[in-house]
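Asker: Sending over a structure as structure tokens; questions will come in a sec.
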Amino acid sequence: MDWFAHMKLANDERNSMLWWWPRVKDVVAARQPATEIVEVIDDEAYALLDGEGAVFTKRCDPLFRAAIAKVGGYPCFMRADRASAKHSWESAPFLPDGDALWQHVRSLIDENICFDLMVRALAFRQFLELDTLFKAFRGLPIAAERRYFVRDGELECHHSYWVEEVVAQDNPSANDWREQLAKLNTEEPDEVALLTQQARALAEVLPGYWSLDFARDVGGAWWFIDAALGEV
């Protein structure tokens, strides 16, 4: 697939949380973080990067802060409707407190625009204390995460999310990170059975080809955290 075809799919309305979140949020088989979505006017959002975002800021500030309060307050996880920019963890999706809100909103929008992704909404999500052992990618905690692929209601395959060769490119914080990653990436039979059940339940409301992401918290519970068109 060439770059233009890939970005066309990435900007497909189905790849936006505005499309898939309403369909999955009531799937009780899959534990999901509390989520509040605030739609934005893309031209206003883009103007924010040019120092002309006064209208956007005035209109959205109370909406954003109300959404954050509804999902549990700070810290909070923030993403755009098509991507989270989590590889810029400390400057974009991770909101430690209210003072950081608008600096991080700007960074998040900027990251999405740099990848030619339209921004039609911001999603504020309950912060999950994940099972992490080290950091990479500018402070991103590397956790036990899995990706399951489903097509037309059927499970095709599954694997650990973090690939060793990719993590190696960005200065992992622990000297023994390879051993730690191997622990995080170990798929246990009970886990596979549970996530297979959850993936199939989610596939019932997501027709077509999808990737479904899950993460394990510090208490050992698995959470469904993201979806995207399988080709993307």
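Identifiers in this document derive from the order of the structure tokens: chains are assigned A, B, ..., residues are numbered from 1 separately in each chain, and ligands are numbered from 1 in order of occurrence.
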Pick out each residue of region 99-199 of chain A that DSSP on the backbone tags as strand (DSSP E); I need them as a PyMOL selection string.

Answerer: chain A and resi 121-126+132-136+140-143+145-151+154-160

Asker: Those selected residues, please, written with N, CA, C and O atoms and delivered as a short mmCIF file (atom, residue, chain, number, x, y, z; two decimals), in the first residue's frame.

Answerer:
data_model
loop_
_atom_site.label_atom_id
_atom_site.label_comp_id
_atom_site.auth_asym_id
_atom_site.auth_seq_id
_atom_site.Cartn_x
_atom_site.Cartn_y
_atom_site.Cartn_z
N ALA A 121 -11.98 15.77 16.88
CA ALA A 121 -12.39 15.66 18.28
C ALA A 121 -11.18 15.37 19.14
O ALA A 121 -10.16 14.85 18.66
N LEU A 122 -11.28 15.70 20.41
CA LEU A 122 -10.32 15.26 21.41
C LEU A 122 -11.04 14.36 22.39
O LEU A 122 -12.18 14.64 22.79
N ALA A 123 -10.39 13.28 22.76
CA ALA A 123 -10.96 12.34 23.72
C ALA A 123 -10.15 12.38 25.01
O ALA A 123 -8.91 12.33 24.97
N PHE A 124 -10.84 12.48 26.12
CA PHE A 124 -10.20 12.48 27.43
C PHE A 124 -10.59 11.19 28.12
O PHE A 124 -11.77 10.85 28.23
N ARG A 125 -9.56 10.45 28.59
CA ARG A 125 -9.80 9.10 29.07
C ARG A 125 -9.22 8.90 30.47
O ARG A 125 -8.21 9.49 30.85
N GLN A 126 -9.90 8.09 31.21
CA GLN A 126 -9.46 7.70 32.55
C GLN A 126 -8.02 7.21 32.49
O GLN A 126 -7.67 6.39 31.64
N THR A 132 3.91 -1.64 33.88
CA THR A 132 5.07 -1.18 33.12
C THR A 132 6.36 -1.53 33.86
O THR A 132 6.39 -1.58 35.09
N LEU A 133 7.44 -1.72 33.09
CA LEU A 133 8.73 -2.07 33.70
C LEU A 133 9.85 -1.10 33.32
O LEU A 133 10.89 -1.08 33.97
N PHE A 134 9.66 -0.33 32.25
CA PHE A 134 10.68 0.65 31.86
C PHE A 134 10.03 1.64 30.90
O PHE A 134 8.84 1.53 30.58
N LYS A 135 10.78 2.64 30.46
CA LYS A 135 10.26 3.67 29.57
C LYS A 135 11.09 3.75 28.29
O LYS A 135 12.26 3.35 28.27
N ALA A 136 10.46 4.29 27.25
CA ALA A 136 11.15 4.57 25.98
C ALA A 136 10.35 5.68 25.29
O ALA A 136 9.37 6.18 25.84
N LEU A 140 7.64 7.41 27.52
CA LEU A 140 6.46 6.55 27.46
C LEU A 140 6.69 5.27 28.27
O LEU A 140 7.62 4.52 27.98
N PRO A 141 5.85 5.00 29.27
CA PRO A 141 5.97 3.73 29.99
C PRO A 141 5.61 2.56 29.07
O PRO A 141 4.55 2.56 28.44
N ILE A 142 6.50 1.59 28.97
CA ILE A 142 6.27 0.42 28.13
C ILE A 142 5.55 -0.63 28.97
O ILE A 142 6.07 -1.10 29.99
N ALA A 143 4.35 -1.00 28.52
CA ALA A 143 3.48 -1.85 29.32
C ALA A 143 3.22 -3.18 28.62
O ALA A 143 3.61 -3.40 27.47
N GLU A 145 1.04 -4.98 26.59
CA GLU A 145 -0.03 -4.64 25.65
C GLU A 145 -0.12 -5.70 24.56
O GLU A 145 0.88 -6.32 24.20
N ARG A 146 -1.32 -5.86 24.04
CA ARG A 146 -1.56 -6.86 23.00
C ARG A 146 -2.37 -6.25 21.88
O ARG A 146 -3.18 -5.35 22.08
N ARG A 147 -2.19 -6.79 20.67
CA ARG A 147 -2.98 -6.38 19.51
C ARG A 147 -3.64 -7.62 18.91
O ARG A 147 -2.97 -8.60 18.60
N TYR A 148 -4.96 -7.55 18.78
CA TYR A 148 -5.75 -8.63 18.19
C TYR A 148 -6.36 -8.15 16.89
O TYR A 148 -6.89 -7.04 16.83
N PHE A 149 -6.26 -8.97 15.84
CA PHE A 149 -6.84 -8.63 14.55
C PHE A 149 -8.10 -9.47 14.33
O PHE A 149 -8.08 -10.70 14.48
N VAL A 150 -9.18 -8.77 13.96
CA VAL A 150 -10.45 -9.45 13.68
C VAL A 150 -10.94 -9.01 12.31
O VAL A 150 -10.72 -7.88 11.88
N ARG A 151 -11.59 -9.93 11.63
CA ARG A 151 -12.15 -9.63 10.31
C ARG A 151 -13.54 -10.26 10.21
O ARG A 151 -13.71 -11.46 10.37
N GLU A 154 -14.53 -12.56 13.03
CA GLU A 154 -13.67 -13.70 13.35
C GLU A 154 -12.27 -13.23 13.73
O GLU A 154 -11.72 -12.31 13.12
N LEU A 155 -11.68 -13.89 14.71
CA LEU A 155 -10.31 -13.60 15.12
C LEU A 155 -9.33 -14.16 14.10
O LEU A 155 -9.39 -15.33 13.73
N GLU A 156 -8.40 -13.31 13.62
CA GLU A 156 -7.39 -13.77 12.66
C GLU A 156 -6.06 -14.11 13.34
O GLU A 156 -5.45 -15.11 13.02
N CYS A 157 -5.60 -13.23 14.24
CA CYS A 157 -4.33 -13.47 14.90
C CYS A 157 -4.19 -12.50 16.06
O CYS A 157 -4.99 -11.59 16.23
N HIS A 158 -3.16 -12.71 16.86
CA HIS A 158 -2.88 -11.80 17.98
C HIS A 158 -1.40 -11.86 18.29
O HIS A 158 -0.71 -12.85 17.99
N HIS A 159 -0.88 -10.79 18.88
CA HIS A 159 0.54 -10.76 19.25
C HIS A 159 0.79 -9.64 20.25
O HIS A 159 -0.08 -8.78 20.47
N SER A 160 1.96 -9.64 20.84
CA SER A 160 2.35 -8.56 21.73
C SER A 160 2.52 -7.29 20.91
O SER A 160 2.95 -7.32 19.76
#

Asker: So that I can check the secondary structure, give me every residue of region 149-181 of chain A assigned helix (DSSP H, G or I) by backbone DSSP, as a PyMOL selection string.

Answerer: chain A and resi 164-170+177-181

Asker: Mind dumping the selected residues with N, CA and C atoms as a JSON list (two decimals), in the first residue's frame?

Answerer:
[["chain", "number", "residue", "atom", "x", "y", "z"],
["A", 164, "GLU", "N", 10.63, -5.77, 19.83],
["A", 164, "GLU", "CA", 11.96, -5.48, 20.38],
["A", 164, "GLU", "C", 12.78, -4.57, 19.47],
["A", 165, "GLU", "N", 12.75, -4.82, 18.17],
["A", 165, "GLU", "CA", 13.56, -4.04, 17.24],
["A", 165, "GLU", "C", 13.14, -2.57, 17.22],
["A", 166, "VAL", "N", 11.87, -2.31, 17.45],
["A", 166, "VAL", "CA", 11.38, -0.93, 17.47],
["A", 166, "VAL", "C", 11.76, -0.24, 18.77],
["A", 167, "VAL", "N", 11.56, -0.91, 19.89],
["A", 167, "VAL", "CA", 11.90, -0.33, 21.19],
["A", 167, "VAL", "C", 13.39, -0.01, 21.25],
["A", 168, "ALA", "N", 14.21, -0.83, 20.63],
["A", 168, "ALA", "CA", 15.66, -0.65, 20.67],
["A", 168, "ALA", "C", 16.11, 0.66, 20.03],
["A", 169, "GLN", "N", 15.28, 1.24, 19.18],
["A", 169, "GLN", "CA", 15.66, 2.44, 18.45],
["A", 169, "GLN", "C", 15.54, 3.72, 19.28],
["A", 170, "ASP", "N", 14.98, 3.64, 20.49],
["A", 170, "ASP", "CA", 14.67, 4.89, 21.20],
["A", 170, "ASP", "C", 15.09, 4.87, 22.66],
["A", 177, "TRP", "N", 16.41, -3.97, 29.61],
["A", 177, "TRP", "CA", 15.09, -3.78, 29.03],
["A", 177, "TRP", "C", 14.66, -4.96, 28.16],
["A", 178, "ARG", "N", 15.60, -5.64, 27.52],
["A", 178, "ARG", "CA", 15.21, -6.78, 26.68],
["A", 178, "ARG", "C", 14.58, -7.88, 27.53],
["A", 179, "GLU", "N", 15.17, -8.16, 28.68],
["A", 179, "GLU", "CA", 14.61, -9.17, 29.58],
["A", 179, "GLU", "C", 13.25, -8.71, 30.12],
["A", 180, "GLN", "N", 13.17, -7.41, 30.46],
["A", 180, "GLN", "CA", 11.91, -6.88, 30.98],
["A", 180, "GLN", "C", 10.82, -6.92, 29.91],
["A", 181, "LEU", "N", 11.19, -6.60, 28.67],
["A", 181, "LEU", "CA", 10.21, -6.63, 27.59],
["A", 181, "LEU", "C", 9.73, -8.06, 27.34]]

Asker: What's around Ala45 (chain A) at 10 Å? Count only C-alpha atoms, leave out sequence neighbours fewer than 2 positions away in its own chain, and write the answer as number ranges by chain.

Answerer: A: 40-43, 47-50, 52-53, 55-57, 60, 105-106, 109-110, 119-121

Asker: Can you pull out the residues contacting Asn112 (chain A)? Cut-off 9 Å, using only C-alpha atoms, and skip same-chain residues under 6 positions away; I want them as a ChimeraX atom specification.

Answerer: /A:80,82-85,118-119

Asker: Kindly save the residues from that selection, with all heavy atoms included, as a compact mmCIF listing (two decimals), in the first residue's frame.

Answerer:
# COMPACT_ATOMS: atom_id res chain seq x y z
N ALA A 80 -6.34 12.60 20.15
CA ALA A 80 -7.22 13.06 19.10
C ALA A 80 -8.05 11.88 18.62
O ALA A 80 -7.79 10.73 18.98
CB ALA A 80 -6.40 13.66 17.95
N ARG A 82 -8.25 10.35 15.86
CA ARG A 82 -7.61 9.35 15.01
C ARG A 82 -6.29 8.82 15.56
O ARG A 82 -5.85 7.76 15.14
CB ARG A 82 -7.41 9.92 13.61
CG ARG A 82 -8.71 10.03 12.82
CD ARG A 82 -8.50 10.63 11.46
NE ARG A 82 -9.71 10.52 10.66
CZ ARG A 82 -10.75 11.34 10.74
NH1 ARG A 82 -10.70 12.36 11.59
NH2 ARG A 82 -11.83 11.16 10.00
N ALA A 83 -5.64 9.53 16.45
CA ALA A 83 -4.34 9.08 16.95
C ALA A 83 -4.04 9.74 18.28
O ALA A 83 -4.51 10.85 18.56
CB ALA A 83 -3.23 9.38 15.95
N SER A 84 -3.21 9.07 19.08
CA SER A 84 -2.90 9.58 20.42
C SER A 84 -1.55 10.29 20.50
O SER A 84 -1.31 10.99 21.48
CB SER A 84 -2.89 8.42 21.42
OG SER A 84 -1.81 7.53 21.14
N ALA A 85 -0.68 10.10 19.54
CA ALA A 85 0.68 10.64 19.61
C ALA A 85 1.40 10.18 20.87
O ALA A 85 2.16 10.91 21.48
CB ALA A 85 0.66 12.17 19.54
N MET A 118 -6.53 14.32 10.11
CA MET A 118 -7.53 15.32 10.47
C MET A 118 -7.86 15.21 11.96
O MET A 118 -7.83 14.12 12.53
CB MET A 118 -8.80 15.12 9.64
CG MET A 118 -8.62 15.38 8.16
SD MET A 118 -10.18 15.22 7.25
CE MET A 118 -10.51 13.47 7.44
N VAL A 119 -8.15 16.35 12.57
CA VAL A 119 -8.54 16.38 13.98
C VAL A 119 -9.97 16.89 14.07
O VAL A 119 -10.23 18.06 13.80
CB VAL A 119 -7.60 17.27 14.81
CG1 VAL A 119 -8.06 17.33 16.27
CG2 VAL A 119 -6.16 16.74 14.74

Asker: With only C-alpha atoms as the counted atoms, please give the residues lying no more than 9 Å from Asp97 (chain A), apart from itself and same-chain residues fewer than 3 positions off, as a list in words.

Answerer: Gly73, Tyr74, Pro75, Cys76, Ala100 and Leu101 of chain A

Asker: Kindly assemble as a Markdown table a list of the region 95-214 of chain A residues that lie within 10 Å of region 221-225 of chain A, each paired with its nearest atom pair and their distance in Å to one decimal, using only C-alpha atoms, sorted first by chain and then by ascending residue number.

Answerer:
| residue | atom | partner | partner_atom | distance |
| --- | --- | --- | --- | --- |
| A:Arg125 | CA | A:Ile225 | CA | 9.5 |
| A:Leu128 | CA | A:Trp223 | CA | 8.9 |
| A:Leu130 | CA | A:Ala221 | CA | 9.2 |
| A:Asp131 | CA | A:Ala221 | CA | 9.4 |
| A:Ala144 | CA | A:Trp222 | CA | 9.3 |
| A:Glu145 | CA | A:Trp222 | CA | 8.9 |
| A:Arg146 | CA | A:Phe224 | CA | 9.5 |
| A:Arg147 | CA | A:Phe224 | CA | 9.9 |
| A:Glu191 | CA | A:Trp222 | CA | 8.5 |
| A:Leu194 | CA | A:Trp222 | CA | 8.8 |
| A:Leu195 | CA | A:Trp222 | CA | 8.0 |
| A:Gln198 | CA | A:Phe224 | CA | 8.4 |
| A:Ala199 | CA | A:Phe224 | CA | 8.8 |
| A:Leu202 | CA | A:Phe224 | CA | 9.4 |
| A:Leu212 | CA | A:Phe224 | CA | 7.4 |
| A:Asp213 | CA | A:Ile225 | CA | 5.7 |
| A:Phe214 | CA | A:Phe224 | CA | 4.4 |

Asker: Any idea what's packed within 12 Å of Leu9 (chain A), counting only C-alpha atoms, ignoring anything in its chain fewer than 4 positions away? Could you give it as an MDAnalysis selection string?

Answerer: chainID A and resid 1:5 13:16 82 116:118 209 228:232

Asker: Export N, CA, C and O atoms of the chosen residues as an mmCIF file, in the first residue's frame?

Answerer:
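Below is the file that was written, selection_36.cif:
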data_model
loop_
_atom_site.group_PDB
_atom_site.id
_atom_site.type_symbol
_atom_site.label_atom_id
_atom_site.label_comp_id
_atom_site.auth_asym_id
_atom_site.auth_seq_id
_atom_site.Cartn_x
_atom_site.Cartn_y
_atom_site.Cartn_z
ATOM 1 N N MET A 1 0.839 -1.193 0.000
ATOM 2 C CA MET A 1 0.000 0.000 0.000
ATOM 3 C C MET A 1 0.879 1.250 0.000
ATOM 4 O O MET A 1 1.801 1.363 0.807
ATOM 5 N N ASP A 2 0.609 2.196 -0.932
ATOM 6 C CA ASP A 2 1.426 3.391 -0.961
ATOM 7 C C ASP A 2 1.006 4.372 0.134
ATOM 8 O O ASP A 2 -0.024 4.192 0.791
ATOM 9 N N TRP A 3 1.809 5.401 0.340
ATOM 10 C CA TRP A 3 1.591 6.344 1.441
ATOM 11 C C TRP A 3 0.242 7.030 1.323
ATOM 12 O O TRP A 3 -0.478 7.191 2.316
ATOM 13 N N PHE A 4 -0.147 7.450 0.117
ATOM 14 C CA PHE A 4 -1.396 8.180 -0.061
ATOM 15 C C PHE A 4 -2.592 7.288 0.250
ATOM 16 O O PHE A 4 -3.567 7.735 0.866
ATOM 17 N N ALA A 5 -2.526 6.036 -0.144
ATOM 18 C CA ALA A 5 -3.614 5.109 0.156
ATOM 19 C C ALA A 5 -3.700 4.869 1.660
ATOM 20 O O ALA A 5 -4.793 4.791 2.240
ATOM 21 N N GLU A 13 -13.542 7.869 7.994
ATOM 22 C CA GLU A 13 -14.358 8.195 9.166
ATOM 23 C C GLU A 13 -14.424 7.036 10.158
ATOM 24 O O GLU A 13 -14.533 7.246 11.368
ATOM 25 N N ARG A 14 -14.306 5.800 9.681
ATOM 26 C CA ARG A 14 -14.361 4.647 10.583
ATOM 27 C C ARG A 14 -13.147 4.567 11.490
ATOM 28 O O ARG A 14 -13.185 3.914 12.530
ATOM 29 N N ASN A 15 -12.048 5.225 11.092
ATOM 30 C CA ASN A 15 -10.837 5.194 11.900
ATOM 31 C C ASN A 15 -10.875 6.222 13.024
ATOM 32 O O ASN A 15 -9.973 6.273 13.852
ATOM 33 N N SER A 16 -11.914 7.025 13.055
ATOM 34 C CA SER A 16 -12.077 8.047 14.089
ATOM 35 C C SER A 16 -12.855 7.481 15.281
ATOM 36 O O SER A 16 -13.809 6.713 15.108
ATOM 37 N N ARG A 82 -8.254 10.351 15.863
ATOM 38 C CA ARG A 82 -7.612 9.348 15.013
ATOM 39 C C ARG A 82 -6.293 8.820 15.561
ATOM 40 O O ARG A 82 -5.848 7.762 15.141
ATOM 41 N N ASP A 116 -0.553 14.290 8.687
ATOM 42 C CA ASP A 116 -1.689 14.482 7.773
ATOM 43 C C ASP A 116 -2.969 13.819 8.274
ATOM 44 O O ASP A 116 -3.787 13.332 7.476
ATOM 45 N N LEU A 117 -3.148 13.827 9.595
ATOM 46 C CA LEU A 117 -4.364 13.274 10.183
ATOM 47 C C LEU A 117 -5.308 14.406 10.567
ATOM 48 O O LEU A 117 -4.924 15.340 11.277
ATOM 49 N N MET A 118 -6.533 14.324 10.106
ATOM 50 C CA MET A 118 -7.532 15.320 10.465
ATOM 51 C C MET A 118 -7.855 15.215 11.958
ATOM 52 O O MET A 118 -7.833 14.119 12.529
ATOM 53 N N TYR A 209 -12.490 -5.239 8.851
ATOM 54 C CA TYR A 209 -11.167 -5.658 9.314
ATOM 55 C C TYR A 209 -10.634 -4.638 10.319
ATOM 56 O O TYR A 209 -10.495 -3.453 9.988
ATOM 57 N N ALA A 228 -8.516 0.391 15.453
ATOM 58 C CA ALA A 228 -8.174 1.049 14.187
ATOM 59 C C ALA A 228 -8.474 0.095 13.050
ATOM 60 O O ALA A 228 -8.499 -1.136 13.244
ATOM 61 N N LEU A 229 -8.697 0.641 11.880
ATOM 62 C CA LEU A 229 -8.849 -0.202 10.714
ATOM 63 C C LEU A 229 -7.623 -1.092 10.566
ATOM 64 O O LEU A 229 -6.495 -0.629 10.727
ATOM 65 N N GLY A 230 -7.821 -2.349 10.267
ATOM 66 C CA GLY A 230 -6.719 -3.303 10.252
ATOM 67 C C GLY A 230 -5.610 -2.931 9.288
ATOM 68 O O GLY A 230 -4.434 -3.173 9.559
ATOM 69 N N GLU A 231 -5.958 -2.324 8.158
ATOM 70 C CA GLU A 231 -4.945 -1.950 7.185
ATOM 71 C C GLU A 231 -4.050 -0.818 7.698
ATOM 72 O O GLU A 231 -2.935 -0.644 7.212
ATOM 73 N N VAL A 232 -4.550 -0.048 8.650
ATOM 74 C CA VAL A 232 -3.799 1.082 9.179
ATOM 75 C C VAL A 232 -2.943 0.656 10.361
ATOM 76 O O VAL A 232 -1.799 1.073 10.479
#

Asker: Under the rule that only C-alpha atoms are counted, which of A:His6, A:Arg79, A:Arg216, A:Lys58 is the nearest residue to Ser107 (chain A)?

Answerer: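 Checking each of A:His6, A:Arg79, A:Arg216, A:Lys58 against Ser107 (chain A), counting only C-alpha atoms, the winner is A:Arg79.
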
Asker: With distances taken over only C-alpha atoms, which residue among A:Val205, A:Leu108, A:Met78, A:Val192 lies nearest Phe94 (chain A)?

Answerer: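 Going through A:Val205, A:Leu108, A:Met78, A:Val192 one by one, the smallest distance to Phe94 (chain A) is for A:Met78.
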
Asker: Calculated over only C-alpha atoms, which of the candidates A:Asp217, A:Gly51, A:Ala201, A:Trp210 has the smallest distance to Val28 (chain A)?

Answerer: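 Under the stated criterion, the closest residue is A:Ala201.
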